[in-house]
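What follows is a single structure, written as structure tokens, with notes after it.
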Amino acid sequence: MDDTTGESDREGLRLAFDRRLKLEFHGATVTSDAGLLAFRELDDALGLTALAADLFTDPRTGKNGRHTLLAQFRQAVFGRLAGYEDVNDADRLGHDPAMCWVVGGRAVTEHAASTSQMGRFETGAMTEEKNLTALADLSGYWIDRVQAQRARTTLVLDIDSSVSPTYGAQEGTAYNGHFACTCYHPLFVFQPGRRPGTVCAPAG
């Protein structure tokens, strides 16, 4: 959020991901899922669901798709964040003010996807082979995106030893009482995190 200090005297609190949305209390249109707006704000800052949409392939061939894959993916993710475990509540959530703003797109001015639309999304579009592969890889991409936002102020090294049993009279081998064998006792040092597969091993 641009302003985390709360409401001013002149206007309600605004969220950066959609400047049309203003948080005020009038008692007319209410939601029990307003906490989703904070998740959506974080999502917009990191671009997580937008990144997911770039990985998905839309198998629909018709021109009547009311909601994009991105909108339906957001509805599925944020609905589960709110505690709705499946799509049975989609008809009601599709008209919930917070969910409509979180989903974005056409949902803001109309409504989000229905139960049947979300069912087709989860059992149809998301079960395509390319999309299943994208879903399997998605958590790694998200972790990389979040890690890239963090300031590198510390270096963590994971140091551990292992045992490599030996047999015969090999040079440098010795009996280790802890492992109760004759062995090499190498020490390993790891830096947590993933490196691209193109990085040469000596690069550190």
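Residue names in the structure tokens use chain letters A, B, ... in the order shown, residue numbers from 1 in each chain, and ligand numbers from 1 in the order shown.
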
Shell of 12 Å around stretch 102-115 of chain A, only C-alpha atoms, local chain residues under 3 positions omitted, as an NGL selection string: :A and (15 or 17-21 or 33-44 or 49-50 or 65-79 or 81-82 or 86-99 or 118-123)

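The strand (DSSP E) portion of stretch 22-173 of chain A consists of Lys22, Leu23, Asp158, Ile159, Asp160, Ser161, Ser164 and Pro165 of chain A, with states taken from DSSP on the backbone.
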
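Using only C-alpha atoms, the contacts of stretch 165-173 of chain A at a cut-off of 12 Å, with sequence neighbours closer than 2 positions omitted, comprise Ser162, Val163, Tyr175, Asn176, Phe179, Ala180, Cys181, Thr182, Cys183, Tyr184, His185 and Pro186 of chain A.
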
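The nearest approach to A:Leu48 among the residues A:Arg80, A:Arg145, A:Arg60, A:Lys130, with only C-alpha atoms taken into account, belongs to A:Arg145.
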
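In this structure, atom CA of A:Asp58 sits 8.7 Å away from atom CA of A:Asn131.
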
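Minimum atom-to-atom distances from A:Phe56, A:Gly177, A:Ser32, A:Ile159 to A:Ala136 were compared using only C-alpha atoms, and the lowest value belongs to A:Phe56.
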
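For the atom pair formed by atom CA of A:Phe188 and atom CA of A:Gln147, the distance is 23.9 Å, given to one decimal.
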
Within 9 Å of A:Pro59, counting only C-alpha atoms, which residues show up once you throw out same-chain ones fewer than 6 positions away? Write them as a PyMOL selection string, please. chain A and resi 124-125+128

Write the residues of the preceding selection, restricted to C-alpha atoms, as a compact mmCIF listing (two decimals), in the first residue's frame.
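Saved the output as again-v7.txt:
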# COMPACT_ATOMS: atom_id res chain seq x y z
CA GLY A 124 -10.34 -28.82 -17.50
CA ALA A 125 -7.89 -26.02 -18.18
CA GLU A 128 -3.82 -29.83 -19.47

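Put simply, atom CA of A:Asp54 is 20.7 Å away from atom CA of A:Trp101.
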
May I have the residues within 8 Å of A:Gln191 as a list in words, using only C-alpha atoms and disregarding those fewer than 4 positions away in the same chain? Leu155, Val156, Leu157 and Asp158 of chain A
